[in-house]
$ cat model_18.txt   # compact mmCIF, C-alpha atoms
# COMPACT_ATOMS: atom_id res chain seq x y z
CA MET A 1 0.00 0.00 0.00
CA LEU A 2 2.82 2.39 0.88
CA TRP A 3 4.46 1.86 -2.52
CA ASN A 4 1.20 2.57 -4.35
CA THR A 5 0.66 5.68 -2.26
CA LEU A 6 4.18 6.87 -3.12
CA LEU A 7 3.54 6.34 -6.84
CA LEU A 8 0.29 8.31 -6.63
CA ALA A 9 2.14 11.14 -4.88
CA LEU A 10 4.88 11.21 -7.55
CA LYS A 11 2.28 11.23 -10.36
CA GLU A 12 0.48 14.14 -8.77
CA ILE A 13 3.77 16.06 -8.37
CA HIS A 14 4.64 15.34 -12.02
CA ARG A 15 1.22 16.49 -13.17
CA ASN A 16 1.85 19.98 -11.71
CA LEU A 17 5.57 20.44 -12.32
CA THR A 18 5.62 24.24 -12.21
CA ARG A 19 3.67 24.44 -8.98
CA SER A 20 5.77 21.63 -7.50
CA PHE A 21 9.01 23.40 -8.45
CA LEU A 22 7.87 26.66 -6.85
CA THR A 23 6.91 24.73 -3.72
CA VAL A 24 10.28 22.99 -3.61
CA LEU A 25 12.15 26.26 -4.18
CA GLY A 26 11.55 27.55 -0.67
CA ILE A 27 12.94 24.38 0.92
CA LEU A 28 15.83 24.32 -1.56
CA ILE A 29 16.93 27.86 -0.72
CA GLY A 30 16.51 27.27 3.01
CA VAL A 31 18.62 24.10 3.09
CA ALA A 32 21.28 25.63 0.83
CA ALA A 33 21.46 28.79 2.95
CA VAL A 34 21.81 26.91 6.24
CA ILE A 35 24.52 24.53 4.99
CA THR A 36 26.45 27.27 3.17
CA MET A 37 26.48 29.60 6.18
CA VAL A 38 27.59 26.85 8.56
CA THR A 39 30.25 25.59 6.12
CA LEU A 40 31.68 29.10 5.68
CA GLY A 41 31.67 29.56 9.45
CA ASN A 42 33.49 26.26 9.98
CA GLY A 43 36.00 27.27 7.30
CA ALA A 44 36.60 30.61 9.01
CA THR A 45 37.14 28.83 12.35
CA ALA A 46 39.63 26.44 10.74
CA ALA A 47 41.44 29.37 9.09
CA VAL A 48 41.74 31.18 12.43
CA SER A 49 43.13 28.06 14.10
CA THR A 50 45.67 27.57 11.30
CA GLN A 51 46.77 31.21 11.41
CA ILE A 52 47.20 31.15 15.19
CA ALA A 53 49.19 27.91 14.91
CA SER A 54 51.47 29.60 12.36
CA LEU A 55 52.55 32.11 15.04
CA GLY A 56 54.26 29.31 16.89
CA SER A 57 53.48 26.18 18.86
CA ASN A 58 52.70 26.64 22.58
CA LEU A 59 53.81 30.25 22.27
CA LEU A 60 53.75 32.86 25.04
CA MET A 61 54.30 36.55 24.23
CA VAL A 62 55.68 38.71 27.05
CA ARG A 63 55.25 42.46 26.48
CA PRO A 64 55.70 45.57 28.65
CA GLY A 65 52.46 47.38 29.58
CA GLN A 66 49.20 46.33 31.18
CA ARG A 67 46.94 46.10 28.12
CA LEU A 68 47.27 44.26 24.82
CA GLY A 69 47.26 45.67 21.33
CA GLY A 70 48.69 48.72 19.64
CA GLY A 71 47.15 51.09 22.22
CA ARG A 72 48.28 49.16 25.29
CA ASP A 73 49.30 51.21 28.31
CA ILE A 74 53.11 51.32 28.30
CA ALA A 75 53.45 54.61 30.22
CA GLY A 76 55.92 54.00 33.02
CA ALA A 77 56.49 50.38 31.97
CA ALA A 78 60.20 49.71 31.52
CA ALA A 79 61.34 47.79 28.46
CA PHE A 80 62.87 44.35 28.88
CA LYS A 81 66.58 43.60 28.68
CA LEU A 82 68.46 40.65 27.23
CA ALA A 83 69.10 39.51 30.80
CA ASP A 84 65.34 38.99 31.25
CA ALA A 85 65.29 36.51 28.37
CA VAL A 86 68.31 34.70 29.83
CA ALA A 87 66.65 34.55 33.27
CA ILE A 88 63.42 33.08 31.84
CA GLU A 89 65.38 30.51 29.84
CA ASN A 90 67.38 29.43 32.90
CA GLN A 91 64.71 29.58 35.62
CA VAL A 92 61.45 28.56 33.95
CA SER A 93 61.06 24.83 33.33
CA HIS A 94 59.94 22.96 30.21
CA LEU A 95 60.74 25.67 27.64
CA SER A 96 61.87 25.01 24.07
CA SER A 97 63.25 28.45 23.30
CA VAL A 98 63.21 32.07 24.44
CA ALA A 99 63.69 34.83 21.85
CA PRO A 100 64.21 38.52 22.70
CA VAL A 101 62.64 40.68 19.98
CA VAL A 102 63.10 44.29 18.86
CA SER A 103 61.21 45.53 15.81
CA ARG A 104 61.09 48.72 13.78
CA THR A 105 59.30 49.68 10.56
CA ILE A 106 62.02 50.88 8.17
CA THR A 107 62.40 51.38 4.41
CA VAL A 108 64.92 48.95 2.94
CA VAL A 109 66.53 49.39 -0.50
CA HIS A 110 67.97 47.09 -3.14
CA LEU A 111 69.21 48.77 -6.34
CA ALA A 112 66.20 50.76 -7.65
CA SER A 113 63.65 48.95 -5.43
CA ASN A 114 62.62 50.11 -1.99
CA TRP A 115 60.07 48.77 0.44
CA SER A 116 58.85 49.74 3.92
CA THR A 117 58.93 46.61 6.05
CA SER A 118 59.28 45.35 9.63
CA VAL A 119 62.92 44.89 10.62
CA VAL A 120 63.16 42.42 13.51
CA GLY A 121 66.19 41.98 15.73
CA SER A 122 66.43 38.66 17.53
CA SER A 123 68.41 35.44 17.95
CA ASN A 124 68.14 32.09 16.19
CA ALA A 125 65.58 31.14 18.84
CA TYR A 126 63.17 33.49 17.03
CA PHE A 127 62.87 31.05 14.14
CA SER A 128 62.00 28.04 16.31
CA ALA A 129 59.73 29.98 18.68
CA GLY A 130 57.84 31.57 15.78
CA ASN A 131 57.55 28.29 13.86
CA TRP A 132 59.58 29.63 10.93
CA THR A 133 61.16 27.40 8.29
CA ILE A 134 64.26 28.39 6.32
CA ALA A 135 63.42 28.01 2.62
CA ALA A 136 66.95 28.83 1.41
CA GLY A 137 70.26 29.87 2.88
CA ARG A 138 70.96 29.70 6.61
CA THR A 139 70.40 31.38 9.97
CA PHE A 140 72.91 33.40 12.02
CA THR A 141 76.15 31.98 13.35
CA GLU A 142 77.20 32.48 16.98
CA ALA A 143 79.98 34.83 15.84
CA GLU A 144 77.53 36.95 13.79
CA GLN A 145 75.16 37.29 16.73
CA ALA A 146 77.92 38.13 19.22
CA ALA A 147 79.60 40.69 16.96
CA GLY A 148 76.38 42.25 15.67
CA LYS A 149 77.19 41.53 12.02
CA ALA A 150 75.11 43.18 9.29
CA VAL A 151 73.43 40.01 8.01
CA CYS A 152 69.72 39.32 7.54
CA VAL A 153 67.08 36.74 6.65
CA LEU A 154 64.21 37.91 4.41
CA GLY A 155 60.53 37.07 4.54
CA GLU A 156 58.86 36.11 1.26
CA THR A 157 56.98 39.39 0.82
CA ALA A 158 60.09 41.49 1.42
CA ARG A 159 62.02 39.29 -1.03
CA SER A 160 59.42 39.63 -3.79
CA LYS A 161 59.21 43.42 -3.37
CA LEU A 162 62.98 43.92 -3.46
CA PHE A 163 64.24 41.11 -5.70
CA GLY A 164 61.24 40.09 -7.81
CA GLY A 165 61.80 36.55 -9.04
CA GLN A 166 65.54 36.52 -8.28
CA SER A 167 67.24 34.69 -5.43
CA PRO A 168 68.39 37.16 -2.74
CA ILE A 169 71.00 34.89 -1.14
CA GLY A 170 74.40 36.59 -1.14
CA SER A 171 73.01 39.95 -2.27
CA ALA A 172 73.06 43.12 -0.21
CA ILE A 173 70.25 45.45 0.84
CA ARG A 174 70.60 48.90 2.37
CA ILE A 175 68.94 49.65 5.69
CA LYS A 176 69.31 53.32 6.56
CA GLN A 177 73.04 54.09 6.21
CA PHE A 178 74.47 50.56 6.27
CA SER A 179 74.57 47.59 3.92
CA CYS A 180 73.26 44.19 5.04
CA GLU A 181 74.07 40.83 3.45
CA VAL A 182 71.11 38.49 2.81
CA ILE A 183 72.04 35.03 4.12
CA GLY A 184 68.63 33.33 4.26
CA LEU A 185 65.04 33.24 3.05
CA LEU A 186 62.01 32.31 5.16
CA LYS A 187 59.26 30.03 3.93
CA ALA A 188 55.99 31.92 3.41
CA LYS A 189 53.38 31.82 6.19
CA GLY A 190 50.72 34.22 4.89
CA GLN A 191 48.54 36.57 6.92
CA SER A 192 48.06 36.29 10.65
CA SER A 193 44.61 36.18 12.30
CA MET A 194 44.86 39.96 12.79
CA GLY A 195 45.33 40.56 9.06
CA ARG A 196 49.07 41.33 9.28
CA ASP A 197 51.35 39.94 6.57
CA GLN A 198 53.79 37.76 8.53
CA ASP A 199 56.09 37.44 5.49
CA ASP A 200 56.69 41.19 5.27
CA THR A 201 59.77 41.08 7.50
CA VAL A 202 63.55 41.27 7.64
CA VAL A 203 65.21 39.44 10.54
CA MET A 204 68.64 40.51 11.81
CA PRO A 205 70.76 39.66 14.88
CA LEU A 206 69.50 41.42 18.01
CA ARG A 207 72.79 43.21 18.69
CA THR A 208 72.90 44.53 15.12
CA VAL A 209 69.49 46.18 15.43
CA GLN A 210 70.25 47.56 18.88
CA ARG A 211 73.55 49.11 17.79
CA ARG A 212 72.64 50.38 14.34
CA LEU A 213 68.90 51.15 14.54
CA THR A 214 67.58 51.64 18.06
CA GLY A 215 70.72 52.90 19.79
CA ASN A 216 69.87 51.22 23.10
CA GLN A 217 69.78 47.80 24.80
CA ASP A 218 65.99 47.65 25.18
CA VAL A 219 64.01 44.56 24.18
CA GLY A 220 60.41 45.15 23.10
CA MET A 221 59.04 41.61 23.45
CA LEU A 222 60.00 38.12 24.58
CA LEU A 223 58.77 35.09 22.63
CA VAL A 224 58.66 32.00 24.83
CA SER A 225 58.00 28.58 23.30
CA VAL A 226 56.84 25.87 25.74
CA GLN A 227 57.75 22.23 25.14
CA ASP A 228 55.08 19.95 23.64
CA GLY A 229 53.01 18.33 26.37
CA ALA A 230 54.02 20.89 29.00
CA SER A 231 51.46 23.22 30.57
CA THR A 232 51.47 26.73 29.12
CA ILE A 233 49.40 27.86 32.11
CA ARG A 234 52.13 26.77 34.54
CA ALA A 235 54.84 28.35 32.37
CA LYS A 236 52.84 31.58 32.26
CA GLN A 237 52.54 31.62 36.06
CA GLN A 238 56.28 31.01 36.47
CA ILE A 239 57.14 33.78 34.01
CA GLU A 240 54.83 36.25 35.76
CA SER A 241 56.31 35.40 39.15
CA LEU A 242 59.89 35.72 37.85
CA MET A 243 59.27 39.00 36.02
CA ARG A 244 57.51 40.55 39.03
CA GLU A 245 60.58 39.71 41.07
CA ARG A 246 63.02 41.06 38.48
CA ARG A 247 61.01 44.25 37.96
CA ARG A 248 60.56 44.71 41.73
CA ILE A 249 56.77 44.88 41.68
CA ALA A 250 55.23 44.94 45.14
CA ALA A 251 52.57 42.41 46.10
CA SER A 252 49.90 45.12 46.15
CA GLU A 253 50.81 46.45 42.69
CA GLU A 254 49.58 45.25 39.31
CA ASN A 255 51.92 43.87 36.66
CA ASP A 256 53.50 46.43 34.36
CA PHE A 257 53.81 43.70 31.72
CA ASN A 258 51.49 41.09 30.21
CA VAL A 259 51.95 37.46 29.21
CA LEU A 260 49.74 36.40 26.34
CA ASP A 261 49.10 32.75 25.50
CA THR A 262 48.39 32.30 21.77
CA ARG A 263 46.03 29.46 22.69
CA GLU A 264 43.87 32.01 24.48
CA ILE A 265 43.69 34.05 21.26
CA ALA A 266 42.79 30.92 19.29
CA ASP A 267 40.05 29.94 21.76
CA MET A 268 38.63 33.48 21.83
CA LEU A 269 38.56 33.90 18.05
CA SER A 270 37.27 30.36 17.47
CA SER A 271 34.43 30.84 19.97
CA THR A 272 33.54 34.13 18.26
CA THR A 273 33.40 32.57 14.80
CA ARG A 274 31.39 29.63 16.12
CA LEU A 275 28.87 32.01 17.68
CA LEU A 276 28.57 33.95 14.43
CA THR A 277 28.13 30.65 12.57
CA LEU A 278 25.26 29.67 14.85
CA LEU A 279 23.60 33.07 14.41
CA LEU A 280 23.92 32.95 10.61
CA GLY A 281 22.65 29.36 10.57
CA ALA A 282 19.65 30.34 12.71
CA VAL A 283 18.82 33.27 10.42
CA ALA A 284 19.10 31.02 7.37
CA ALA A 285 16.89 28.40 9.05
CA VAL A 286 14.03 30.91 9.04
CA SER A 287 13.82 30.46 5.25
CA LEU A 288 13.19 26.75 5.87
CA LEU A 289 10.15 27.63 7.94
CA VAL A 290 8.98 29.96 5.18
CA GLY A 291 9.38 27.06 2.75
CA GLY A 292 7.28 24.90 5.07
CA VAL A 293 4.51 27.48 5.05
CA GLY A 294 4.69 27.43 1.24
CA ILE A 295 4.23 23.65 1.26
CA MET A 296 1.21 23.93 3.53
CA ASN A 297 -0.38 26.57 1.28
CA ILE A 298 0.15 24.53 -1.87
CA MET A 299 -1.18 21.35 -0.24
CA LEU A 300 -4.30 23.21 0.92
CA VAL A 301 -4.83 24.41 -2.64
CA SER A 302 -4.28 20.86 -3.87
CA VAL A 303 -6.88 19.52 -1.42
CA THR A 304 -9.40 22.09 -2.66
CA GLU A 305 -8.73 21.26 -6.31
CA ARG A 306 -8.97 17.51 -5.72
CA THR A 307 -12.00 17.52 -3.41
CA ARG A 308 -14.12 15.54 -5.89
CA GLU A 309 -11.31 13.01 -6.42
CA ILE A 310 -11.00 12.57 -2.65
CA GLY A 311 -14.77 12.09 -2.37
CA ILE A 312 -14.72 9.35 -5.01
CA ARG A 313 -11.86 7.54 -3.24
CA LEU A 314 -13.68 7.71 0.08
CA ALA A 315 -16.96 6.63 -1.51
CA VAL A 316 -15.44 3.48 -3.04
CA GLY A 317 -13.96 2.36 0.26
CA ALA A 318 -10.69 4.21 0.81
CA LEU A 319 -9.88 4.65 4.47
CA GLU A 320 -9.22 8.06 6.02
CA ARG A 321 -5.68 7.04 6.97
CA GLU A 322 -4.96 6.10 3.33
CA VAL A 323 -6.03 9.56 2.12
CA LEU A 324 -4.09 11.17 4.97
CA LEU A 325 -1.00 9.14 4.07
CA GLN A 326 -1.22 10.07 0.37
CA PHE A 327 -1.22 13.81 1.00
CA LEU A 328 1.35 13.52 3.76
CA ILE A 329 3.70 11.58 1.47
CA GLU A 330 3.25 14.22 -1.24
CA ALA A 331 4.36 16.90 1.21
CA VAL A 332 7.33 14.84 2.42
CA VAL A 333 8.42 14.00 -1.13
CA LEU A 334 8.30 17.67 -2.11
CA SER A 335 10.33 18.74 0.91
CA SER A 336 12.81 15.88 0.48
CA ILE A 337 13.41 16.78 -3.17
CA GLY A 338 13.96 20.34 -2.06
CA GLY A 339 16.39 19.10 0.59
CA LEU A 340 18.42 17.03 -1.90
CA LEU A 341 18.62 19.89 -4.40
CA GLY A 342 19.56 22.20 -1.53
CA LEU A 343 22.45 19.88 -0.61
CA LEU A 344 23.79 20.04 -4.17
CA LEU A 345 23.41 23.82 -4.38
CA ALA A 346 25.05 24.27 -0.97
CA THR A 347 28.04 22.15 -1.98
CA VAL A 348 28.64 24.21 -5.13
CA ALA A 349 28.05 27.53 -3.35
CA SER A 350 30.31 26.56 -0.44
CA ILE A 351 33.20 25.57 -2.72
CA VAL A 352 32.91 28.79 -4.73
CA LEU A 353 32.56 31.09 -1.70
CA THR A 354 35.38 29.46 0.27
CA ASN A 355 37.67 30.06 -2.71
CA VAL A 356 36.53 33.67 -2.95
CA LEU A 357 36.94 34.29 0.80
CA GLN A 358 40.17 32.25 0.89
CA VAL A 359 39.12 30.00 3.75
CA PRO A 360 39.34 26.18 3.74
CA TYR A 361 36.32 24.15 2.62
CA VAL A 362 35.31 21.99 5.58
CA PHE A 363 32.65 19.41 4.70
CA GLY A 364 30.31 18.93 7.65
CA LEU A 365 28.51 15.61 7.42
CA GLN A 366 26.47 16.40 10.52
CA ILE A 367 25.03 19.70 9.27
CA ASN A 368 24.27 18.19 5.84
CA LEU A 369 22.34 15.28 7.35
CA LEU A 370 20.65 17.55 9.89
CA ALA A 371 19.53 20.02 7.22
CA PHE A 372 18.13 17.24 5.03
CA LEU A 373 16.29 15.55 7.90
CA PHE A 374 14.94 18.91 9.01
CA SER A 375 13.62 19.57 5.51
CA ALA A 376 11.83 16.19 5.56
CA ALA A 377 10.44 17.00 9.01
CA ILE A 378 9.16 20.32 7.64
CA GLY A 379 7.16 18.30 5.09
CA VAL A 380 5.62 16.16 7.82
CA ILE A 381 4.81 19.09 10.12
CA PHE A 382 3.38 21.48 7.53
CA GLY A 383 1.83 18.74 5.40
CA TYR A 384 -0.11 17.14 8.22
CA PHE A 385 -2.85 19.77 8.50
CA PRO A 386 -3.80 19.73 4.78
CA ALA A 387 -3.60 15.90 4.79
CA ARG A 388 -5.89 15.66 7.82
CA ARG A 389 -8.30 18.10 6.21
CA ALA A 390 -8.42 15.91 3.09
CA ALA A 391 -8.95 12.72 5.10
CA ARG A 392 -11.85 14.21 7.07
CA LEU A 393 -13.87 15.36 4.07
CA ASP A 394 -17.46 14.16 3.96
CA PRO A 395 -17.69 11.92 0.85
CA ILE A 396 -21.18 13.18 -0.05
CA GLU A 397 -20.19 16.85 0.23
CA ALA A 398 -16.95 16.12 -1.62
CA LEU A 399 -18.84 14.51 -4.55
CA ARG A 400 -21.08 17.58 -4.82
CA HIS A 401 -18.04 19.85 -5.05
CA GLU A 402 -17.56 21.55 -8.41

$ encode --input "model_18.txt" --output "structure tokens"
Amino acid sequence: MLWNTLLLALKEIHRNLTRSFLTVLGILIGVAAVITMVTLGNGATAAVSTQIASLGSNLLMVRPGQRLGGGRDIAGAAAFKLADAVAIENQVSHLSSVAPVVSRTITVVHLASNWSTSVVGSSNAYFSAGNWTIAAGRTFTEAEQAAGKAVCVLGETARSKLFGGQSPIGSAIRIKQFSCEVIGLLKAKGQSSMGRDQDDTVVMPLRTVQRRLTGNQDVGMLLVSVQDGASTIRAKQQIESLMRERRRIAASEENDFNVLDTREIADMLSSTTRLLTLLLGAVAAVSLLVGGVGIMNIMLVSVTERTREIGIRLAVGALEREVLLQFLIEAVVLSSIGGLLGLLLATVASIVLTNVLQVPYVFGLQINLLAFLFSAAIGVIFGYFPARRAARLDPIEALRHE
């Protein structure tokens, strides 16, 4: 009986293709919108996680000042010294590397090309702490770091702006009034989660930058990489305790420095993108309800048009539940077709939009199944009232209907 009822439902849908298509369209758009929004949100979350991971594994950033960001409060907060980095490396347990960092934005020149970039002064620990890979050339030798030699390692963006398609290894660039030999090239990392181009950089030995550019022994930031499996929370607590002691901060006073765990940034940004994904998915789900209302309207029209047919079926012995099942199956078939077409449209739209927005395409089996099942449930919920109305028609009144 169920198979025959399904065939009758398909024949009725085929008999009114245009009306059926318009009915399906609401469900199709709703399913596609929900899946596409959630897929884009998941892609954005994955992109944020990848970008944070590119900053460095288990990375802690120690900066002077009480607040984070470009406008952080650094009034009265003394800069760090190289001795602070040495103390952290020697007295804090389970660390992979500690890199003192000084940075300045300076215009660098090679032949007729010039480019304003971030010049970073640090040690070889900077490359391991920041998860950098040397694409060509080498890093600094101990002698170059101790003597403050004018050597540098270029990021990919700085290389392309100054050298085009040529290899920079062995060439010289001019930074202010001195010449610097390029000894290495960093593998590209792309943009950070804050939109900054990480490859737009020139890395030099710390002592070189201090002597030739800043003119002092100050260190602007300490990058601390914690060993895999070790607790970054415990390392953060040890660093705070050590730095309070070294900076002679009284127990009643607040820190004049901050220790930022990149995992905290990742968790914060990921939770934000997940919340936005849920909100966008909820807004898109409203169109599914609108599609359900469309199904109910069309089924009510169908019941009115087929009143005489229903009366004949009831008069010759059809049971109410059989009539109810026929109209209910029609509604479910319509919504299911809309759901399947919505899945196909969402897949195409998600692939196109993720390429446009430059975020990874993350296929979510759960949201695809959930959206399809929800579309089928919409057919049951909104198709039940018209189906019940058809099943409860009085056969005599139905046969009199014109």

$ closest_residue --input "model_18.txt" --among "A:Asn297, A:Val283, A:Leu95, A:Val352" --to "Val34 (chain A)" --atoms "all atoms listed in the file"
A:Val283

$ atom_distance --input "model_18.txt" --atom1 "CA of Ile329 (chain A)" --atom2 "CA of Gly281 (chain A)"
27.5 Å

$ residues_around --input "model_18.txt" --residues "Gly339 (chain A)" --least-positions-apart "5" --cutoff "8 Å" --atoms "all atoms listed in the file" --output "VMD selection string"
chain A and resid 27 to 28 31 371 to 372 375 to 376

$ atom_distance --input "model_18.txt" --atom1 "CA of Asn58 (chain A)" --atom2 "CA of Asn42 (chain A)"
23.0 Å

$ atom_distance --input "model_18.txt" --atom1 "CA of Gly294 (chain A)" --atom2 "CA of Leu370 (chain A)"
20.7 Å

$ residues_around --input "model_18.txt" --residues "region 101-105 of chain A" --least-positions-apart "5" --cutoff "12 Å" --atoms "all atoms listed in the file" --output "ChimeraX atom specification"
/A:61-63,79-82,84-85,115-127,129-130,175-176,200-224

$ closest_atom_pairs --input "model_18.txt" --of "region 74-149 of chain A" --to "region 165-170 of chain A" --cutoff "10 Å" --atoms "only C-alpha atoms" --output "tab-separated table"
residue	atom	partner	partner_atom	distance
A:His110	CA	A:Pro168	CA	9.9
A:Ala136	CA	A:Ile169	CA	7.7
A:Gly137	CA	A:Ile169	CA	6.5
A:Arg138	CA	A:Ile169	CA	9.3

$ closest_residue --input "model_18.txt" --among "A:Val109, A:Met243, A:Leu289, A:Val151" --to "Val86 (chain A)" --atoms "all atoms listed in the file"
A:Met243

$ closest_residue --input "model_18.txt" --among "A:Cys152, A:Leu328, A:Leu162, A:Leu242" --to "Gly379 (chain A)" --atoms "all atoms listed in the file"
A:Leu328

$ residues_around --input "model_18.txt" --residues "Met296 (chain A)" --least-positions-apart "5" --cutoff "10 Å" --atoms "only C-alpha atoms" --output "PyMOL selection string"
chain A and resi 23+290-291+301-302+331+378-387

$ closest_residue --input "model_18.txt" --among "A:Asn355, A:Gln326, A:Thr232, A:Ser350" --to "Val92 (chain A)" --atoms "all atoms listed in the file"
A:Thr232
